[in-house]
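K.L.:
target-v3.cif is the file, holding mmCIF, C-alpha atoms:
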```
data_run
#
loop_
_atom_site.group_PDB
_atom_site.id
_atom_site.type_symbol
_atom_site.label_atom_id
_atom_site.label_comp_id
_atom_site.auth_asym_id
_atom_site.auth_seq_id
_atom_site.Cartn_x
_atom_site.Cartn_y
_atom_site.Cartn_z
ATOM 1 C CA MET A 1 19.421 60.547 5.916
ATOM 2 C CA ASN A 2 17.401 58.292 3.584
ATOM 3 C CA ILE A 3 18.742 54.743 3.219
ATOM 4 C CA SER A 4 17.839 52.535 0.261
ATOM 5 C CA VAL A 5 18.386 48.816 0.848
ATOM 6 C CA VAL A 6 19.443 46.669 -2.122
ATOM 7 C CA ILE A 7 19.283 42.869 -2.166
ATOM 8 C CA CYS A 8 20.698 41.199 -5.290
ATOM 9 C CA VAL A 9 19.133 37.817 -6.103
ATOM 10 C CA TYR A 10 19.627 35.284 -8.874
ATOM 11 C CA THR A 11 17.998 31.913 -8.155
ATOM 12 C CA GLU A 12 14.698 30.544 -6.870
ATOM 13 C CA ASP A 13 16.708 27.918 -5.021
ATOM 14 C CA ARG A 14 17.220 30.599 -2.373
ATOM 15 C CA TRP A 15 13.564 31.551 -2.107
ATOM 16 C CA ASP A 16 13.340 30.903 1.637
ATOM 17 C CA ASP A 17 16.598 32.784 2.207
ATOM 18 C CA ILE A 18 15.357 35.744 0.166
ATOM 19 C CA ARG A 19 12.130 35.896 2.168
ATOM 20 C CA ALA A 20 14.087 35.828 5.430
ATOM 21 C CA ALA A 21 16.364 38.626 4.185
ATOM 22 C CA VAL A 22 13.396 40.788 3.157
ATOM 23 C CA GLN A 23 11.634 40.190 6.475
ATOM 24 C CA SER A 24 14.757 41.244 8.387
ATOM 25 C CA VAL A 25 14.783 44.528 6.451
ATOM 26 C CA ARG A 26 11.085 45.086 7.151
ATOM 27 C CA SER A 27 11.760 44.500 10.861
ATOM 28 C CA GLN A 28 14.344 47.266 11.192
ATOM 29 C CA ARG A 29 13.910 49.714 14.058
ATOM 30 C CA ARG A 30 15.106 52.417 11.681
ATOM 31 C CA GLN A 31 12.976 51.734 8.592
ATOM 32 C CA PRO A 32 14.566 51.957 5.116
ATOM 33 C CA TYR A 33 13.531 54.639 2.655
ATOM 34 C CA GLU A 34 12.941 51.912 0.062
ATOM 35 C CA LEU A 35 13.684 48.249 -0.552
ATOM 36 C CA ILE A 36 15.077 47.276 -3.961
ATOM 37 C CA LEU A 37 15.314 43.677 -5.174
ATOM 38 C CA VAL A 38 17.594 43.281 -8.198
ATOM 39 C CA VAL A 39 17.085 40.051 -10.147
ATOM 40 C CA ASP A 40 20.039 38.772 -12.169
ATOM 41 C CA TYR A 41 18.739 37.525 -15.523
ATOM 42 C CA ASN A 42 15.998 35.269 -14.164
ATOM 43 C CA PRO A 43 12.568 36.294 -15.582
ATOM 44 C CA ASP A 44 10.647 33.683 -13.564
ATOM 45 C CA LEU A 45 12.145 34.864 -10.285
ATOM 46 C CA HIS A 46 11.527 38.483 -11.292
ATOM 47 C CA LEU A 47 7.815 37.843 -11.842
ATOM 48 C CA ARG A 48 7.493 35.817 -8.644
ATOM 49 C CA LEU A 49 9.101 38.573 -6.571
ATOM 50 C CA LYS A 50 6.917 41.264 -8.139
ATOM 51 C CA ARG A 51 3.843 39.265 -7.163
ATOM 52 C CA GLU A 52 5.128 38.534 -3.653
ATOM 53 C CA TYR A 53 6.461 42.008 -2.805
ATOM 54 C CA ALA A 54 4.225 44.634 -4.343
ATOM 55 C CA ASP A 55 5.511 47.188 -1.821
ATOM 56 C CA ALA A 56 9.153 46.725 -2.894
ATOM 57 C CA ILE A 57 10.935 47.912 -6.026
ATOM 58 C CA VAL A 58 11.684 44.767 -8.041
ATOM 59 C CA VAL A 59 13.895 45.314 -11.089
ATOM 60 C CA GLU A 60 15.912 43.215 -13.500
ATOM 61 C CA ASN A 61 19.661 43.654 -13.732
ATOM 62 C CA SER A 62 20.198 46.143 -16.545
ATOM 63 C CA HIS A 63 23.983 45.903 -16.459
ATOM 64 C CA GLU A 64 26.390 43.046 -17.117
ATOM 65 C CA ARG A 65 25.341 39.684 -15.717
ATOM 66 C CA GLY A 66 26.645 39.051 -12.202
ATOM 67 C CA LEU A 67 26.846 40.584 -8.756
ATOM 68 C CA SER A 68 28.655 43.764 -9.784
ATOM 69 C CA GLY A 69 26.065 44.467 -12.463
ATOM 70 C CA GLY A 70 23.285 43.814 -9.979
ATOM 71 C CA LYS A 71 24.761 46.262 -7.488
ATOM 72 C CA ASN A 72 25.195 48.915 -10.166
ATOM 73 C CA THR A 73 21.547 48.429 -11.167
ATOM 74 C CA GLY A 74 20.496 48.796 -7.542
ATOM 75 C CA VAL A 75 22.444 52.032 -7.136
ATOM 76 C CA ALA A 76 21.008 53.427 -10.381
ATOM 77 C CA THR A 77 17.488 52.569 -9.194
ATOM 78 C CA ALA A 78 17.899 53.936 -5.663
ATOM 79 C CA SER A 79 16.868 57.447 -4.670
ATOM 80 C CA GLY A 80 18.130 57.440 -1.084
ATOM 81 C CA ASP A 81 21.174 59.352 0.134
ATOM 82 C CA VAL A 82 22.783 56.066 1.171
ATOM 83 C CA VAL A 83 22.593 52.612 -0.438
ATOM 84 C CA ALA A 84 22.923 49.599 1.869
ATOM 85 C CA PHE A 85 23.606 46.118 0.496
ATOM 86 C CA LEU A 86 22.440 42.884 2.108
ATOM 87 C CA ASP A 87 23.242 39.401 0.810
ATOM 88 C CA ASP A 88 20.247 37.353 -0.310
ATOM 89 C CA ASP A 89 21.198 34.560 2.126
ATOM 90 C CA ALA A 90 21.619 36.814 5.162
ATOM 91 C CA VAL A 91 19.398 38.309 7.855
ATOM 92 C CA ALA A 92 19.982 41.715 9.424
ATOM 93 C CA ASP A 93 19.765 42.550 13.112
ATOM 94 C CA ALA A 94 16.971 45.011 13.978
ATOM 95 C CA GLU A 95 19.551 47.752 14.670
ATOM 96 C CA TRP A 96 21.431 47.214 11.389
ATOM 97 C CA LEU A 97 20.339 50.350 9.533
ATOM 98 C CA ALA A 98 20.432 52.507 12.660
ATOM 99 C CA ALA A 99 24.073 51.500 13.185
ATOM 100 C CA PHE A 100 24.908 52.320 9.564
ATOM 101 C CA GLU A 101 23.298 55.743 9.928
ATOM 102 C CA GLN A 102 25.261 56.535 13.091
ATOM 103 C CA ALA A 103 28.580 55.468 11.567
ATOM 104 C CA MET A 104 27.870 57.382 8.355
ATOM 105 C CA SER A 105 27.210 60.521 10.413
ATOM 106 C CA VAL A 106 30.698 60.517 11.969
ATOM 107 C CA GLU A 107 32.644 63.572 10.821
ATOM 108 C CA PRO A 108 36.315 63.039 11.767
ATOM 109 C CA GLY A 109 37.563 66.064 9.836
ATOM 110 C CA GLY A 110 34.627 68.378 10.404
ATOM 111 C CA ALA A 111 32.994 67.229 7.166
ATOM 112 C CA PRO A 112 31.083 64.089 6.171
ATOM 113 C CA THR A 113 34.181 62.190 4.984
ATOM 114 C CA VAL A 114 32.801 58.712 5.786
ATOM 115 C CA VAL A 115 31.659 57.443 2.397
ATOM 116 C CA GLY A 116 31.255 53.753 3.198
ATOM 117 C CA VAL A 117 30.501 51.573 6.209
ATOM 118 C CA GLY A 118 30.872 47.826 6.663
ATOM 119 C CA GLY A 119 29.221 45.808 9.404
ATOM 120 C CA LEU A 120 29.820 42.669 11.446
ATOM 121 C CA THR A 121 28.810 39.476 9.631
ATOM 122 C CA LYS A 122 28.347 36.358 11.743
ATOM 123 C CA PRO A 123 28.168 32.824 10.317
ATOM 124 C CA LEU A 124 24.918 30.878 10.605
ATOM 125 C CA TRP A 125 26.083 27.291 10.136
ATOM 126 C CA ASP A 126 23.474 24.993 8.581
ATOM 127 C CA ASN A 127 24.916 22.133 10.630
ATOM 128 C CA GLY A 128 24.512 24.144 13.825
ATOM 129 C CA ASP A 129 28.105 24.523 14.983
ATOM 130 C CA ARG A 130 31.358 25.764 13.523
ATOM 131 C CA PRO A 131 33.529 22.872 12.280
ATOM 132 C CA ARG A 132 36.264 22.442 14.869
ATOM 133 C CA TRP A 133 38.975 22.589 12.219
ATOM 134 C CA PHE A 134 37.739 25.893 10.726
ATOM 135 C CA PRO A 135 39.940 28.877 11.789
ATOM 136 C CA GLU A 136 38.226 32.216 12.460
ATOM 137 C CA GLU A 137 41.066 33.949 10.602
ATOM 138 C CA PHE A 138 39.565 32.536 7.391
ATOM 139 C CA ASP A 139 35.896 33.367 7.955
ATOM 140 C CA TRP A 140 36.178 35.599 4.891
ATOM 141 C CA THR A 141 35.981 32.398 2.827
ATOM 142 C CA ILE A 142 32.336 32.089 3.898
ATOM 143 C CA GLY A 143 31.550 35.790 3.526
ATOM 144 C CA CYS A 144 31.839 36.604 7.228
ATOM 145 C CA THR A 145 33.861 38.923 9.446
ATOM 146 C CA TYR A 146 37.188 37.300 10.261
ATOM 147 C CA ARG A 147 39.655 37.487 13.121
ATOM 148 C CA GLY A 148 42.040 40.317 12.371
ATOM 149 C CA LEU A 149 39.447 43.019 11.745
ATOM 150 C CA PRO A 150 38.976 45.640 14.482
ATOM 151 C CA ALA A 151 36.642 44.959 17.394
ATOM 152 C CA GLU A 152 35.381 48.549 17.550
ATOM 153 C CA ARG A 153 34.309 51.274 15.138
ATOM 154 C CA LYS A 154 37.412 52.080 13.148
ATOM 155 C CA PRO A 155 38.516 53.109 9.639
ATOM 156 C CA ILE A 156 39.460 50.197 7.379
ATOM 157 C CA ARG A 157 40.705 49.829 3.806
ATOM 158 C CA ASN A 158 37.642 48.078 2.421
ATOM 159 C CA VAL A 159 34.306 46.700 3.554
ATOM 160 C CA MET A 160 32.742 43.302 2.784
ATOM 161 C CA GLY A 161 30.108 43.707 0.091
ATOM 162 C CA GLY A 162 27.259 41.674 1.600
ATOM 163 C CA ASN A 163 26.975 43.935 4.643
ATOM 164 C CA ALA A 164 27.847 47.449 3.557
ATOM 165 C CA ALA A 165 26.496 50.930 2.910
ATOM 166 C CA PHE A 166 27.797 53.698 0.634
ATOM 167 C CA ARG A 167 26.837 57.271 -0.122
ATOM 168 C CA ARG A 168 24.942 56.902 -3.357
ATOM 169 C CA GLU A 169 26.545 59.784 -5.247
ATOM 170 C CA VAL A 170 30.109 58.523 -4.774
ATOM 171 C CA VAL A 171 29.360 55.103 -6.304
ATOM 172 C CA GLY A 172 28.495 56.563 -9.685
ATOM 173 C CA GLU A 173 31.183 59.205 -9.365
ATOM 174 C CA VAL A 174 33.965 56.603 -9.391
ATOM 175 C CA GLY A 175 32.401 54.309 -11.990
ATOM 176 C CA GLY A 176 30.493 51.817 -9.863
ATOM 177 C CA PHE A 177 31.463 48.203 -9.278
ATOM 178 C CA HIS A 178 33.637 46.639 -11.975
ATOM 179 C CA SER A 179 32.599 43.370 -13.570
ATOM 180 C CA GLY A 180 35.177 40.687 -14.301
ATOM 181 C CA ILE A 181 36.564 40.584 -10.735
ATOM 182 C CA GLY A 182 33.710 39.285 -8.596
ATOM 183 C CA ARG A 183 31.157 36.569 -9.225
ATOM 184 C CA SER A 184 29.142 36.208 -12.385
ATOM 185 C CA VAL A 185 26.423 33.621 -12.824
ATOM 186 C CA GLN A 186 29.041 31.355 -14.363
ATOM 187 C CA GLY A 187 31.337 32.070 -11.435
ATOM 188 C CA ARG A 188 28.667 31.044 -8.971
ATOM 189 C CA LYS A 189 28.485 27.648 -10.648
ATOM 190 C CA SER A 190 32.216 27.078 -10.874
ATOM 191 C CA ARG A 191 34.993 29.000 -9.132
ATOM 192 C CA PRO A 192 33.950 31.147 -6.111
ATOM 193 C CA LEU A 193 35.602 34.431 -7.103
ATOM 194 C CA GLY A 194 35.220 37.651 -5.134
ATOM 195 C CA CYS A 195 36.881 40.996 -4.335
ATOM 196 C CA GLU A 196 34.638 43.312 -6.382
ATOM 197 C CA GLU A 197 33.982 45.385 -3.241
ATOM 198 C CA THR A 198 37.701 45.425 -2.348
ATOM 199 C CA GLU A 199 38.649 46.869 -5.727
ATOM 200 C CA PHE A 200 35.771 49.352 -5.553
ATOM 201 C CA CYS A 201 36.714 50.643 -2.081
ATOM 202 C CA ILE A 202 40.378 51.061 -2.996
ATOM 203 C CA ARG A 203 39.533 52.791 -6.268
ATOM 204 C CA LEU A 204 37.128 55.101 -4.425
ATOM 205 C CA SER A 205 39.795 56.047 -1.875
ATOM 206 C CA GLN A 206 42.358 56.666 -4.632
ATOM 207 C CA ARG A 207 40.044 58.926 -6.591
ATOM 208 C CA ARG A 208 38.623 60.715 -3.556
ATOM 209 C CA PRO A 209 41.563 61.348 -1.187
ATOM 210 C CA GLY A 210 40.435 61.758 2.406
ATOM 211 C CA SER A 211 37.436 59.463 1.992
ATOM 212 C CA ILE A 212 36.970 57.040 4.886
ATOM 213 C CA MET A 213 35.657 53.480 4.966
ATOM 214 C CA MET A 214 34.417 52.678 8.452
ATOM 215 C CA PHE A 215 33.947 49.332 10.181
ATOM 216 C CA GLU A 216 30.877 49.390 12.456
ATOM 217 C CA PRO A 217 30.558 46.199 14.574
ATOM 218 C CA ARG A 218 27.057 47.173 15.716
ATOM 219 C CA ALA A 219 25.727 46.776 12.164
ATOM 220 C CA VAL A 220 25.216 43.034 12.562
ATOM 221 C CA ILE A 221 23.918 40.457 10.108
ATOM 222 C CA GLY A 222 23.864 36.672 10.149
ATOM 223 C CA HIS A 223 25.085 34.975 6.979
ATOM 224 C CA ARG A 224 23.946 31.460 6.148
ATOM 225 C CA VAL A 225 26.714 28.892 5.630
ATOM 226 C CA PRO A 226 25.383 25.763 3.890
ATOM 227 C CA ALA A 227 26.960 22.415 4.654
ATOM 228 C CA SER A 228 28.684 22.401 1.262
ATOM 229 C CA ARG A 229 30.745 25.433 2.327
ATOM 230 C CA ALA A 230 31.783 23.948 5.647
ATOM 231 C CA THR A 231 34.116 21.467 3.956
ATOM 232 C CA PHE A 232 37.872 21.612 3.490
ATOM 233 C CA ARG A 233 37.367 21.161 -0.251
ATOM 234 C CA TYR A 234 35.364 24.383 -0.481
ATOM 235 C CA PHE A 235 37.780 26.134 1.891
ATOM 236 C CA ARG A 236 40.720 25.269 -0.363
ATOM 237 C CA SER A 237 38.827 26.244 -3.522
ATOM 238 C CA ARG A 238 37.753 29.574 -2.041
ATOM 239 C CA CYS A 239 41.308 30.409 -0.950
ATOM 240 C CA TYR A 240 42.662 29.664 -4.423
ATOM 241 C CA ALA A 241 39.917 31.742 -6.050
ATOM 242 C CA GLU A 242 40.678 34.624 -3.686
ATOM 243 C CA GLY A 243 44.276 34.563 -4.858
ATOM 244 C CA LEU A 244 43.144 34.754 -8.482
ATOM 245 C CA SER A 245 40.870 37.687 -7.613
ATOM 246 C CA LYS A 246 43.615 39.505 -5.688
ATOM 247 C CA ALA A 247 45.811 39.350 -8.783
ATOM 248 C CA LEU A 248 43.091 41.157 -10.733
ATOM 249 C CA VAL A 249 42.675 43.731 -7.950
ATOM 250 C CA ALA A 250 46.423 44.381 -7.846
ATOM 251 C CA GLN A 251 46.416 44.913 -11.604
ATOM 252 C CA GLU A 252 43.527 47.400 -11.357
ATOM 253 C CA VAL A 253 44.621 49.508 -8.358
ATOM 254 C CA GLY A 254 48.305 48.630 -7.881
ATOM 255 C CA ALA A 255 49.896 46.016 -5.641
ATOM 256 C CA GLY A 256 50.732 48.578 -2.942
ATOM 257 C CA ASP A 257 47.120 49.417 -2.112
ATOM 258 C CA GLY A 258 45.691 46.170 -3.440
ATOM 259 C CA LEU A 259 47.673 43.945 -1.071
ATOM 260 C CA SER A 260 48.354 46.182 1.942
ATOM 261 C CA SER A 261 45.787 44.596 4.269
ATOM 262 C CA GLU A 262 46.593 41.107 2.987
ATOM 263 C CA ARG A 263 50.286 41.492 3.810
ATOM 264 C CA ALA A 264 49.480 42.563 7.366
ATOM 265 C CA HIS A 265 47.048 39.665 7.754
ATOM 266 C CA ALA A 266 49.557 37.144 6.425
ATOM 267 C CA MET A 267 52.513 38.472 8.432
ATOM 268 C CA LYS A 268 50.791 38.988 11.796
ATOM 269 C CA THR A 269 47.291 37.586 12.180
ATOM 270 C CA LEU A 270 47.856 34.217 10.520
ATOM 271 C CA PRO A 271 51.089 33.299 12.373
ATOM 272 C CA MET A 272 49.414 34.253 15.648
ATOM 273 C CA GLY A 273 46.424 32.099 14.703
ATOM 274 C CA ALA A 274 48.633 29.103 13.924
ATOM 275 C CA LEU A 275 50.435 29.484 17.242
ATOM 276 C CA ARG A 276 47.084 29.794 18.997
ATOM 277 C CA GLY A 277 45.970 26.532 17.420
ATOM 278 C CA VAL A 278 49.123 24.741 18.574
ATOM 279 C CA GLY A 279 48.648 26.205 22.046
ATOM 280 C CA ASP A 280 45.040 24.992 22.122
ATOM 281 C CA ALA A 281 46.253 21.501 21.230
ATOM 282 C CA LEU A 282 48.802 21.535 24.042
ATOM 283 C CA ARG A 283 45.987 22.470 26.422
ATOM 284 C CA GLY A 284 43.951 19.452 25.322
ATOM 285 C CA ASP A 285 41.987 20.720 22.294
ATOM 286 C CA LEU A 286 43.500 18.521 19.590
ATOM 287 C CA ALA A 287 41.398 20.287 16.920
ATOM 288 C CA GLY A 288 43.771 23.202 17.450
ATOM 289 C CA LEU A 289 46.319 21.362 15.301
ATOM 290 C CA ALA A 290 43.727 21.088 12.533
ATOM 291 C CA ARG A 291 43.035 24.831 12.754
ATOM 292 C CA ALA A 292 46.755 25.595 12.614
ATOM 293 C CA GLY A 293 47.107 23.300 9.606
ATOM 294 C CA ALA A 294 44.133 24.914 7.874
ATOM 295 C CA ILE A 295 45.730 28.340 8.347
ATOM 296 C CA VAL A 296 48.959 27.146 6.714
ATOM 297 C CA ALA A 297 47.065 25.428 3.889
ATOM 298 C CA GLY A 298 44.766 28.411 3.345
ATOM 299 C CA LEU A 299 47.673 30.827 3.079
ATOM 300 C CA ALA A 300 49.488 28.476 0.701
ATOM 301 C CA TRP A 301 46.498 28.042 -1.611
ATOM 302 C CA THR A 302 45.727 31.785 -1.624
ATOM 303 C CA THR A 303 49.357 32.571 -2.450
ATOM 304 C CA TRP A 304 49.356 29.957 -5.210
ATOM 305 C CA GLY A 305 46.163 31.411 -6.679
ATOM 306 C CA TYR A 306 47.729 34.874 -6.672
ATOM 307 C CA ALA A 307 50.851 33.565 -8.413
ATOM 308 C CA VAL A 308 48.806 31.756 -11.071
ATOM 309 C CA GLY A 309 46.544 34.781 -11.595
ATOM 310 C CA SER A 310 49.512 37.154 -11.897
ATOM 311 C CA ALA A 311 51.217 34.868 -14.403
ATOM 312 C CA ARG A 312 48.076 34.661 -16.524
ATOM 313 C CA LEU A 313 47.718 38.431 -16.544
ATOM 314 C CA ARG A 314 51.340 38.853 -17.633
ATOM 315 C CA VAL A 315 50.817 36.400 -20.487
ATOM 316 C CA ARG A 316 47.671 38.234 -21.575
ATOM 317 C CA GLY A 317 49.508 41.532 -21.393
ATOM 318 C CA ASN A 318 52.370 40.233 -23.512
ATOM 319 C CA ARG A 319 49.958 38.839 -26.074
ATOM 320 C CA ALA A 320 48.071 42.152 -26.218
ATOM 321 C CA GLY A 321 51.346 44.017 -26.636
ATOM 322 C CA ARG A 322 52.422 41.770 -29.502
ATOM 323 C CA SER A 323 49.018 42.229 -31.153
ATOM 324 C CA ILE A 324 49.353 45.996 -31.022
ATOM 325 C CA GLU A 325 52.872 45.847 -32.465
ATOM 326 C CA HIS A 326 51.638 43.533 -35.252
ATOM 327 C CA GLU A 327 48.834 45.970 -36.144
ATOM 328 C CA ARG A 328 51.361 48.771 -36.423
#
```
Represent the structure contained in this file as structure tokens.
P.N.:
Amino acid sequence: MNISVVICVYTEDRWDDIRAAVQSVRSQRRQPYELILVVDYNPDLHLRLKREYADAIVVENSHERGLSGGKNTGVATASGDVVAFLDDDAVADAEWLAAFEQAMSVEPGGAPTVVGVGGLTKPLWDNGDRPRWFPEEFDWTIGCTYRGLPAERKPIRNVMGGNAAFRREVVGEVGGFHSGIGRSVQGRKSRPLGCEETEFCIRLSQRRPGSIMMFEPRAVIGHRVPASRATFRYFRSRCYAEGLSKALVAQEVGAGDGLSSERAHAMKTLPMGALRGVGDALRGDLAGLARAGAIVAGLAWTTWGYAVGSARLRVRGNRAGRSIEHER
């Protein structure tokens, strides 16, 4: 099994992070077939990377600006059987690719039905420690594995895009990653949208019945969390943006599949987390009340974002419908 590793990059402000990510790939026990750096509409960074990494494949994003376009460019450039994605501000454990290969080789039905694998993403806090108010149930807001996901290798609905691997042929077969859901360059500067990998995984499963997405906790990476993302302001903004993105996902793939995991998380994991926080406070950890409050606030802001996003989509749909009727 040949594994191509793709790292999508967009700014020289992350130069040190990019170098750390590349070094972690070079240090893999199971070496990649090739390393591909996709640069998102930044000619200066493209030239700098080509000079720095002559042994890597450095290409410019040839699709729509943004993360989805960068991933699609990486897949189109890759020649490996499997394409693994690593965030540009993350570092992979030395066993990362070996764990992906093992999980991808699982054949539950007697055939290679595992088409995608997601790994365990741990936060690397710039300030050193997790903020005491920050609940693990919401680690997805910082791009990390959150409480509520399985603790062992197990099928899941969708993987997290910054630590994932897919069989290359299936990505193109189902149309690649869709733009307009996840982050564009503009989105990086304003609202922290996401969910492009969620929509992709659901769409893949719908179009290829029997396909399995696997969670592999041994495929470990560390994801940098800058101080600016360890604030309640960012937490609230990210939750609201997630709600907006979920509305788009539900429109694309249907609310049944698009919100199945979210309903379970909201109905079981989050109430248990809030109760855990209150229990921690009763045992002397007063920050437990802050964690419980953050869980309630995070759920509220995500729900509000979903409601706003759904309403906007309905308005757009009505306007489009009226336009079509007018043309007739």
K.L.:
Expand the PyMOL selection byres ((chain A and resi 298-314) around 7) into the explicit residue set it covers here, and present it as a list in words.
P.N.:
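Output of the PyMOL selection byres ((chain A and resi 298-314) around 7): Arg236, Cys239, Tyr240, Ala241, Glu242, Gly243, Leu244, Lys246, Ala247, Ala294, Ile295, Val296, Ala297, Val315, Arg316, Gly317 and Asn318 of chain A.
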K.L.:
Run the PyMOL selection byres ((chain A and resi 79-92) around 7) against the file shown and list the residues it catches, as a PyMOL selection string.
P.N.:
chain A and resi 1-9+17-18+20-21+24-25+33+75+77-78+93-94+96+161-168+220-224
K.L.:
Any chance you could export the current selection's C-alpha atoms as a short mmCIF file (atom, residue, chain, number, x, y, z; two decimals), in the coordinates of the input?
P.N.:
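Listing of part-v5.cif after writing:
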```cif
data_model
loop_
_atom_site.label_atom_id
_atom_site.label_comp_id
_atom_site.auth_asym_id
_atom_site.auth_seq_id
_atom_site.Cartn_x
_atom_site.Cartn_y
_atom_site.Cartn_z
CA MET A 1 19.42 60.55 5.92
CA ASN A 2 17.40 58.29 3.58
CA ILE A 3 18.74 54.74 3.22
CA SER A 4 17.84 52.54 0.26
CA VAL A 5 18.39 48.82 0.85
CA VAL A 6 19.44 46.67 -2.12
CA ILE A 7 19.28 42.87 -2.17
CA CYS A 8 20.70 41.20 -5.29
CA VAL A 9 19.13 37.82 -6.10
CA ASP A 17 16.60 32.78 2.21
CA ILE A 18 15.36 35.74 0.17
CA ALA A 20 14.09 35.83 5.43
CA ALA A 21 16.36 38.63 4.18
CA SER A 24 14.76 41.24 8.39
CA VAL A 25 14.78 44.53 6.45
CA TYR A 33 13.53 54.64 2.66
CA VAL A 75 22.44 52.03 -7.14
CA THR A 77 17.49 52.57 -9.19
CA ALA A 78 17.90 53.94 -5.66
CA ASP A 93 19.76 42.55 13.11
CA ALA A 94 16.97 45.01 13.98
CA TRP A 96 21.43 47.21 11.39
CA GLY A 161 30.11 43.71 0.09
CA GLY A 162 27.26 41.67 1.60
CA ASN A 163 26.98 43.94 4.64
CA ALA A 164 27.85 47.45 3.56
CA ALA A 165 26.50 50.93 2.91
CA PHE A 166 27.80 53.70 0.63
CA ARG A 167 26.84 57.27 -0.12
CA ARG A 168 24.94 56.90 -3.36
CA VAL A 220 25.22 43.03 12.56
CA ILE A 221 23.92 40.46 10.11
CA GLY A 222 23.86 36.67 10.15
CA HIS A 223 25.08 34.98 6.98
CA ARG A 224 23.95 31.46 6.15
#
```
K.L.:
Expressed in Å to a single decimal, how great is the separation between atom CA of Arg208 of chain A and atom CA of Gly74 of chain A?
P.N.:
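Distance between the two atoms: 22.1 Å.
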K.L.:
I need the output of the PyMOL selection byres ((chain A and resi 260) around 12) for this file as a list of chain:residue names; which residues are they?
P.N.:
A:Ile156, A:Arg157, A:Asn158, A:Thr198, A:Ile202, A:Lys246, A:Val249, A:Ala250, A:Val253, A:Gly254, A:Ala255, A:Gly256, A:Asp257, A:Gly258, A:Leu259, A:Ser261, A:Glu262, A:Arg263, A:Ala264, A:His265, A:Ala266, A:Met267
K.L.:
Skip Gly70 of chain A itself and residues of its chain fewer than 4 positions away, then list as a short mmCIF file (atom, residue, chain, number, x, y, z; two decimals) with C-alpha atoms, in the coordinates of the input all residues within 7 Å of it, counting all atoms listed in the file.
P.N.:
```cif
data_model
loop_
_atom_site.label_atom_id
_atom_site.label_comp_id
_atom_site.auth_asym_id
_atom_site.auth_seq_id
_atom_site.Cartn_x
_atom_site.Cartn_y
_atom_site.Cartn_z
CA CYS A 8 20.70 41.20 -5.29
CA VAL A 38 17.59 43.28 -8.20
CA ASP A 40 20.04 38.77 -12.17
CA ASN A 61 19.66 43.65 -13.73
CA HIS A 63 23.98 45.90 -16.46
CA GLY A 66 26.64 39.05 -12.20
CA GLY A 74 20.50 48.80 -7.54
#
```
K.L.:
So how many Å separate atom CA of Leu124 of chain A and atom CA of Glu95 of chain A, to one decimal?
P.N.:
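Answer for the atom CA of Leu124 of chain A to atom CA of Glu95 of chain A separation: 18.2 Å.
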K.L.:
Just the residues within 12 Å of His178 of chain A, please, counting all atoms listed in the file, with nothing from its chain fewer than 6 positions along; format it as an mmCIF file with C-alpha atoms, in the frame of the given file.
P.N.:
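Writing done, so here's selection_20.cif:
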```cif
data_model
loop_
_atom_site.group_PDB
_atom_site.id
_atom_site.type_symbol
_atom_site.label_atom_id
_atom_site.label_comp_id
_atom_site.auth_asym_id
_atom_site.auth_seq_id
_atom_site.Cartn_x
_atom_site.Cartn_y
_atom_site.Cartn_z
ATOM 1 C CA HIS A 63 23.983 45.903 -16.459
ATOM 2 C CA GLU A 64 26.390 43.046 -17.117
ATOM 3 C CA ARG A 65 25.341 39.684 -15.717
ATOM 4 C CA GLY A 66 26.645 39.051 -12.202
ATOM 5 C CA LEU A 67 26.846 40.584 -8.756
ATOM 6 C CA SER A 68 28.655 43.764 -9.784
ATOM 7 C CA GLY A 69 26.065 44.467 -12.463
ATOM 8 C CA GLY A 70 23.285 43.814 -9.979
ATOM 9 C CA LYS A 71 24.761 46.262 -7.488
ATOM 10 C CA ASN A 72 25.195 48.915 -10.166
ATOM 11 C CA VAL A 171 29.360 55.103 -6.304
ATOM 12 C CA GLY A 172 28.495 56.563 -9.685
ATOM 13 C CA SER A 184 29.142 36.208 -12.385
ATOM 14 C CA GLY A 194 35.220 37.651 -5.134
ATOM 15 C CA CYS A 195 36.881 40.996 -4.335
ATOM 16 C CA GLU A 196 34.638 43.312 -6.382
ATOM 17 C CA GLU A 197 33.982 45.385 -3.241
ATOM 18 C CA THR A 198 37.701 45.425 -2.348
ATOM 19 C CA GLU A 199 38.649 46.869 -5.727
ATOM 20 C CA PHE A 200 35.771 49.352 -5.553
ATOM 21 C CA CYS A 201 36.714 50.643 -2.081
ATOM 22 C CA ARG A 203 39.533 52.791 -6.268
ATOM 23 C CA LEU A 204 37.128 55.101 -4.425
ATOM 24 C CA LEU A 248 43.091 41.157 -10.733
ATOM 25 C CA VAL A 249 42.675 43.731 -7.950
ATOM 26 C CA GLU A 252 43.527 47.400 -11.357
ATOM 27 C CA VAL A 253 44.621 49.508 -8.358
#
```
K.L.:
Which distance in Å separates atom CA of Tyr10 of chain A and atom CA of Glu173 of chain A, to one decimal?
P.N.:
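Taking atom CA of Tyr10 of chain A and atom CA of Glu173 of chain A, their separation equals 26.6 Å.
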K.L.:
Work out where the centre of an axis-aligned box around every listed atom of segment 224-231 of chain A lies and how long its edges are once 4 Å is added on each side; give both in Å to one decimal as JSON.
P.N.:
```
{"center_x": 29.0, "center_y": 26.5, "center_z": 3.7, "size_x": 18.2, "size_y": 18.0, "size_z": 12.9}
```
K.L.:
Taking all atoms listed in the file into account, which of A:Ile57, A:Leu275, A:Met213, A:Leu270 comes nearest Tyr146 of chain A?
P.N.:
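Closest candidate: A:Leu270.
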K.L.:
With distances taken over all atoms listed in the file, which residue among A:Lys268, A:Lys122, A:Arg218, A:Arg19 lies nearest Phe100 of chain A?
P.N.:
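Nearest candidate to Phe100 of chain A out of A:Lys268, A:Lys122, A:Arg218, A:Arg19: A:Arg218.
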